[in-house]
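Dropping final-v9.txt in here (compact mmCIF, C-alpha atoms):
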# COMPACT_ATOMS: atom_id res chain seq x y z
CA MET A 1318 93.20 111.10 91.91
CA ARG A 1319 89.50 110.52 91.17
CA PHE A 1320 88.52 106.98 92.08
CA LYS A 1321 85.14 107.52 90.41
CA ALA A 1322 86.92 106.93 87.09
CA TYR A 1323 87.65 103.36 88.18
CA THR A 1324 84.08 102.30 89.06
CA PRO A 1325 83.50 100.98 85.50
CA PHE A 1326 86.44 98.60 86.04
CA THR A 1327 84.80 97.28 89.23
CA SER A 1328 81.51 96.84 87.37
CA ALA A 1329 83.37 94.98 84.62
CA GLY A 1330 84.95 92.71 87.23
CA ILE A 1331 81.54 91.84 88.69
CA GLN A 1332 80.12 91.12 85.23
CA SER A 1333 83.14 88.99 84.35
CA ALA A 1334 82.74 86.88 87.50
CA ILE A 1335 79.06 86.36 86.71
CA ALA A 1336 79.57 85.71 82.99
CA TYR A 1337 82.27 83.11 83.59
CA LYS A 1338 80.56 81.51 86.58
CA TRP A 1339 81.50 77.95 85.59
CA ASN A 1340 85.17 78.86 85.50
CA PHE A 1341 84.71 80.54 88.88
CA LEU A 1342 82.85 77.56 90.36
CA GLY A 1343 85.35 75.08 88.91
CA PHE A 1344 88.22 76.88 90.59
CA PHE A 1345 86.26 77.13 93.85
CA PHE A 1346 85.41 73.42 93.99
CA GLY A 1347 89.01 72.61 93.09
CA GLN A 1348 90.10 74.63 96.13
CA ILE A 1349 87.50 72.89 98.31
CA PHE A 1350 88.76 69.49 97.16
CA PHE A 1351 92.35 70.47 97.99
CA THR A 1352 91.19 71.74 101.39
CA PHE A 1353 89.54 68.44 102.28
CA VAL A 1354 92.67 66.56 101.16
CA MET A 1355 94.66 68.68 103.62
CA PHE A 1356 91.99 68.10 106.30
CA PHE A 1357 92.21 64.30 106.09
CA LEU A 1358 96.00 64.44 105.92
CA TRP A 1359 96.26 66.48 109.11
CA ARG A 1360 93.60 64.33 110.80
CA ALA A 1361 95.83 61.32 110.24
CA VAL A 1362 98.84 63.24 111.59
CA PHE A 1363 97.02 64.33 114.77
CA ARG A 1364 95.59 60.85 115.31
CA TYR A 1365 99.11 59.54 115.89
CA THR A 1366 100.41 62.59 117.76
CA PRO A 1367 100.88 62.11 121.52
CA GLY A 1368 98.76 64.64 123.39
CA GLY A 1369 97.05 65.78 120.20
CA LEU A 1370 99.02 69.04 120.13
CA ILE A 1371 101.45 70.25 117.44
CA GLY A 1372 103.13 73.63 117.66
CA GLY A 1373 100.36 74.90 119.94
CA PHE A 1374 97.63 73.72 117.54
CA THR A 1375 94.91 71.23 118.46
CA PHE A 1376 93.14 69.36 115.67
CA LEU A 1377 90.23 71.82 115.91
CA ASP A 1378 92.69 74.72 115.58
CA MET A 1379 94.27 73.02 112.58
CA THR A 1380 90.89 72.42 110.93
CA LEU A 1381 89.99 76.09 111.28
CA TYR A 1382 93.43 77.06 110.00
CA ILE A 1383 93.21 74.83 106.92
CA PHE A 1384 89.82 76.12 105.80
CA ALA A 1385 90.52 79.73 106.75
CA ALA A 1386 93.89 79.65 104.96
CA ASN A 1387 92.37 78.35 101.76
CA ILE A 1388 89.43 80.75 101.71
CA THR A 1389 91.84 83.59 102.53
CA GLY A 1390 93.98 82.49 99.60
CA PHE A 1391 90.84 82.59 97.44
CA LEU A 1392 90.18 86.15 98.66
CA THR A 1393 93.72 87.45 98.28
CA ASP A 1394 94.74 85.67 95.09
CA THR A 1395 95.44 87.96 92.14
CA ASP A 1396 95.95 87.57 88.40
CA ALA A 1397 97.90 90.82 88.07
CA SER A 1398 101.09 89.24 86.69
CA TYR A 1399 99.06 87.07 84.30
CA VAL A 1400 97.12 90.12 83.02
CA VAL A 1401 100.32 92.11 82.47
CA GLY A 1402 102.00 89.23 80.65
CA GLU A 1403 99.00 88.48 78.41
CA GLU A 1404 98.51 92.12 77.47
CA ILE A 1405 102.15 92.43 76.47
CA VAL A 1406 102.00 89.27 74.35
CA GLN A 1407 98.72 90.30 72.70
CA GLY A 1408 99.67 93.92 72.26
CA THR A 1409 96.67 95.30 74.15
CA ILE A 1410 99.09 96.89 76.63
CA ALA A 1411 99.37 99.77 74.13
CA MET A 1412 95.72 100.69 74.74
CA ARG A 1413 96.28 100.65 78.48
CA LEU A 1414 99.18 103.06 78.16
CA ILE A 1415 97.16 105.73 76.36
CA LYS A 1416 94.20 105.71 78.76
CA PRO A 1417 94.11 108.54 81.37
CA VAL A 1418 94.00 106.06 84.26
CA SER A 1419 96.59 104.24 86.32
CA PHE A 1420 97.55 100.87 84.84
CA ASN A 1421 97.90 99.35 88.32
CA LEU A 1422 94.61 100.71 89.64
CA SER A 1423 92.63 99.68 86.58
CA ILE A 1424 93.66 96.05 87.23
CA LEU A 1425 93.08 96.40 90.98
CA PHE A 1426 89.56 97.79 90.64
CA THR A 1427 88.65 95.11 88.09
CA GLU A 1428 89.69 92.45 90.58
CA LEU A 1429 87.83 94.29 93.33
CA GLY A 1430 84.57 93.56 91.52
CA GLN A 1431 85.45 89.88 91.42
CA LYS A 1432 86.36 89.91 95.13
CA LEU A 1433 82.95 91.35 96.03
CA ILE A 1434 81.33 88.33 94.39
CA ILE A 1435 83.70 85.96 96.20
CA ILE A 1436 83.01 87.58 99.58
CA SER A 1437 79.23 87.45 99.22
CA MET A 1438 78.87 84.06 97.53
CA VAL A 1439 81.80 82.07 98.94
CA ALA A 1440 83.64 83.57 101.92
CA LEU A 1441 80.69 84.42 104.17
CA PRO A 1442 78.97 81.01 103.73
CA VAL A 1443 82.27 79.19 104.33
CA PHE A 1444 82.96 81.14 107.51
CA ALA A 1445 79.41 80.51 108.68
CA GLY A 1446 80.06 76.80 108.17
CA LEU A 1447 83.34 77.03 110.08
CA GLU A 1448 81.64 78.72 113.02
CA TRP A 1449 78.94 76.05 113.06
CA TYR A 1450 81.64 73.35 113.02
CA ARG A 1451 83.51 75.07 115.85
CA PHE A 1452 80.28 75.25 117.86
CA THR A 1453 79.54 71.53 117.36
CA GLN A 1454 83.07 70.61 118.44
CA SER A 1455 83.44 72.93 121.43
CA GLY A 1456 79.84 73.13 122.63
CA PHE A 1457 79.68 76.93 122.79
CA VAL A 1458 79.72 79.90 120.40
CA GLN A 1459 83.23 81.29 119.92
CA PHE A 1460 82.47 83.74 117.12
CA SER A 1461 83.70 87.27 117.85
CA LEU A 1462 82.54 90.07 115.55
CA PRO A 1463 85.51 92.38 116.42
CA THR A 1464 87.94 89.53 115.65
CA PHE A 1465 86.20 88.80 112.36
CA LEU A 1466 86.29 92.49 111.37
CA LEU A 1467 90.01 92.58 112.16
CA TYR A 1468 90.40 89.48 110.04
CA MET A 1469 88.61 91.15 107.11
CA ILE A 1470 90.77 94.28 107.40
CA SER A 1471 93.90 92.16 107.56
CA ALA A 1472 92.72 90.08 104.58
CA GLY A 1473 92.25 93.33 102.64
CA LEU A 1474 95.82 94.33 103.48
CA SER A 1475 96.97 90.83 102.49
CA TYR A 1476 95.35 91.29 99.11
CA LEU A 1477 97.12 94.63 98.58
CA VAL A 1478 100.48 93.08 99.56
CA MET A 1479 99.85 90.20 97.18
CA PHE A 1480 98.61 92.49 94.41
CA PHE A 1481 101.56 94.89 94.39
CA PHE A 1482 104.00 92.00 94.77
CA ASP A 1483 102.39 90.32 91.77
CA VAL A 1484 102.41 93.57 89.80
CA CYS A 1485 106.15 93.91 90.42
CA PHE A 1486 106.59 90.32 89.31
CA GLY A 1487 104.37 90.85 86.27
CA TYR A 1488 106.44 93.75 85.02
CA LEU A 1489 109.19 91.23 84.29
CA ALA A 1490 107.11 90.42 81.21
CA PHE A 1491 108.32 93.69 79.72
CA VAL A 1492 111.74 92.03 79.55
CA PHE A 1493 111.06 88.26 79.33
CA LYS A 1494 107.77 88.53 77.31
CA ASN A 1495 106.28 85.33 78.75
CA LEU A 1496 105.91 84.45 82.43
CA TRP A 1497 103.72 81.35 82.20
CA GLY A 1498 106.23 78.85 83.57
CA ILE A 1499 107.66 81.23 86.18
CA ASN A 1500 104.12 82.03 87.34
CA ILE A 1501 103.51 78.37 88.16
CA LEU A 1502 106.74 78.26 90.19
CA LYS A 1503 105.79 81.53 91.92
CA PHE A 1504 102.35 80.18 92.87
CA GLY A 1505 103.81 77.07 94.50
CA LEU A 1506 106.45 79.00 96.43
CA LEU A 1507 104.03 81.65 97.67
CA ASN A 1508 101.52 79.03 98.76
CA PHE A 1509 104.19 77.43 100.91
CA LEU A 1510 105.97 80.57 102.19
CA SER A 1511 102.73 82.37 103.07
CA GLY A 1512 101.55 79.53 105.31
CA GLY A 1513 99.00 78.18 102.87
CA MET A 1514 100.15 74.59 103.34
CA ILE A 1515 101.85 74.56 106.75
CA PRO A 1516 101.47 77.14 109.55
CA LEU A 1517 104.64 79.16 109.90
CA ALA A 1518 104.42 78.43 113.65
CA PHE A 1519 105.61 74.90 112.83
CA PHE A 1520 108.95 76.20 111.54
CA PRO A 1521 112.04 76.73 113.75
CA PRO A 1522 112.02 80.05 115.68
CA MET A 1523 114.75 81.59 113.52
CA VAL A 1524 112.86 80.76 110.32
CA GLN A 1525 109.67 82.18 111.84
CA ARG A 1526 111.40 85.50 112.57
CA VAL A 1527 112.80 85.73 109.05
CA MET A 1528 109.45 84.82 107.47
CA GLY A 1529 107.69 87.35 109.70
CA PHE A 1530 109.99 90.08 108.41
CA LEU A 1531 109.50 89.17 104.73
CA PRO A 1532 106.22 90.01 102.92
CA PHE A 1533 105.09 86.38 102.58
CA ALA A 1534 103.51 86.09 106.06
CA SER A 1535 101.53 89.25 105.31
CA MET A 1536 99.96 87.60 102.25
CA ARG A 1537 97.92 84.95 104.07
CA TYR A 1538 99.31 83.86 107.43
CA THR A 1539 98.55 87.06 109.38
CA PRO A 1540 94.76 87.22 108.77
CA VAL A 1541 94.38 83.49 109.38
CA MET A 1542 96.20 83.73 112.71
CA ILE A 1543 93.91 86.62 113.66
CA TYR A 1544 90.79 84.63 112.76
CA THR A 1545 91.93 81.56 114.70
CA GLU A 1546 92.77 83.90 117.63
CA LYS A 1547 96.40 82.79 117.72
CA TYR A 1548 97.28 86.48 117.43
CA GLN A 1549 95.84 88.77 120.07
CA GLY A 1550 96.41 92.29 121.40
CA LEU A 1551 99.78 93.77 120.50
CA MET A 1552 100.59 90.82 118.24
CA ILE A 1553 97.67 91.82 115.99
CA LEU A 1554 98.79 95.46 115.90
CA SER A 1555 102.37 94.46 115.13
CA ALA A 1556 101.38 92.03 112.37
CA MET A 1557 98.96 94.46 110.74
CA GLY A 1558 101.55 97.24 111.01
CA THR A 1559 103.95 94.98 109.10
CA GLN A 1560 101.26 94.45 106.46
CA ILE A 1561 100.77 98.20 106.02
CA LEU A 1562 104.53 98.69 105.73
CA TRP A 1563 104.77 96.08 102.97
CA VAL A 1564 101.80 97.58 101.11
CA LEU A 1565 103.57 100.94 101.02
CA LEU A 1566 106.97 99.48 100.11
CA LEU A 1567 105.62 97.26 97.33
CA TYR A 1568 103.42 100.05 95.97
CA GLY A 1569 106.45 102.32 95.75
CA LEU A 1570 108.52 99.54 94.19
CA SER A 1571 105.81 98.84 91.61
CA ARG A 1572 105.81 102.48 90.53
CA LEU A 1573 109.60 102.53 90.29
CA ILE A 1574 109.72 99.31 88.24
CA TRP A 1575 106.95 100.64 85.97
CA LYS A 1576 109.01 103.71 85.16
CA LEU A 1577 112.06 101.57 84.38
CA THR A 1578 110.45 98.70 82.48
CA GLU A 1579 108.09 100.68 80.22
CA GLN A 1580 111.20 101.84 78.39
CA HIS A 1581 111.78 98.20 77.33
CA LEU A 1582 108.26 97.65 75.97
CA THR A 1583 108.13 95.83 72.66
CA VAL A 1584 104.69 94.71 71.50
CA GLN A 1585 104.59 91.16 70.07
CA GLY A 1586 100.99 91.05 68.93
CA GLY A 1587 98.15 93.47 68.19

Reformat the file's structure so that it appears as structure tokens.
Amino acid sequence: MRFKAYTPFTSAGIQSAIAYKWNFLGFFFGQIFFTFVMFFLWRAVFRYTPGGLIGGFTFLDMTLYIFAANITGFLTDTDASYVVGEEIVQGTIAMRLIKPVSFNLSILFTELGQKLIIISMVALPVFAGLEWYRFTQSGFVQFSLPTFLLYMISAGLSYLVMFFFDVCFGYLAFVFKNLWGINILKFGLLNFLSGGMIPLAFFPPMVQRVMGFLPFASMRYTPVMIYTEKYQGLMILSAMGTQILWVLLLYGLSRLIWKLTEQHLTVQGG
């Protein structure tokens, strides 16, 4: 497969992010506002916690987790199911089907262009701010380049897990035609189950084991735990191995569902 054919999609993604910068900035500042709400909420919780320790997290750990989890969500979020649903409703899915490129990869490479903008303009400055905050609170530099590189690799795997999961979910639009309401429910559930609101370490041990086996922890929790150095050594290898496994499984499932659902395609618009 020639990936060179998909570079125009990446270029289109970059141009789209730049062209609709106010939409991009609005979403970003909305996420920042939500992050600070979570910050002040957890500050109040830790203020009245004996010993200042919850589930192995200090308040500094929790602050890093909150901001890292939200920026990781920004990096790994995908509109794949929304794109599939809209194209089916509008009828433009027909044009996708006749192009000599993979439907999945055309969406993925378009989003890749948008992610490059997010990494350069949002993620790196936010992480620089986090490291400065950690330095002011601890009194010494704790930044580790190898750990950060592992985080970035894990975040990339998280995005692929999220993308192929969302693609599988989006293909339901071939049958149900409109996924708007279900998408809102899906977003809320994934934000909770992936550790976006509460670290999975706060759940009972049995729930943690189940959540670690399912793909949800691989969507956000794993890279954040690597960045905050809660995962080290073999734990990192095991968690990233689980991510790779889910990427392969969900990729295979997306191809299988595509073969089955395209037979039910009925164009409503166009």

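Restricting the calculation to all atoms listed in the file, the smallest distance between A:Leu1531 and any of A:Phe1519, A:Phe1482, A:Phe1444, A:Tyr1568 is found for A:Phe1482.
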
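Of the listed residues A:Glu1546, A:Glu1448, A:Glu1403, A:Asp1396, the one whose atoms come nearest to A:Thr1427 is A:Asp1396, with distances taken using all atoms listed in the file.
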
Selection near A:Ser1535, 12 Å with only C-alpha atoms, sequence-local residues under 2 positions removed, as a ChimeraX atom specification: /A:1389-1390,1393,1471-1480,1482,1507,1510-1513,1517,1528-1533,1537-1543,1553,1555-1564

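Near A:Pro1325, within 10 Å and counting all atoms listed in the file, sit A:Lys1321, A:Ala1322, A:Tyr1323, A:Thr1327, A:Ser1328, A:Ala1329, A:Gly1330, A:Ile1331, A:Ser1423, A:Phe1426, A:Thr1427, A:Gly1430, not including residues fewer than 2 positions from it in the same chain.
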
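The space between atom CA of A:Phe1486 and atom CA of A:Ile1499 spans 9.7 Å.
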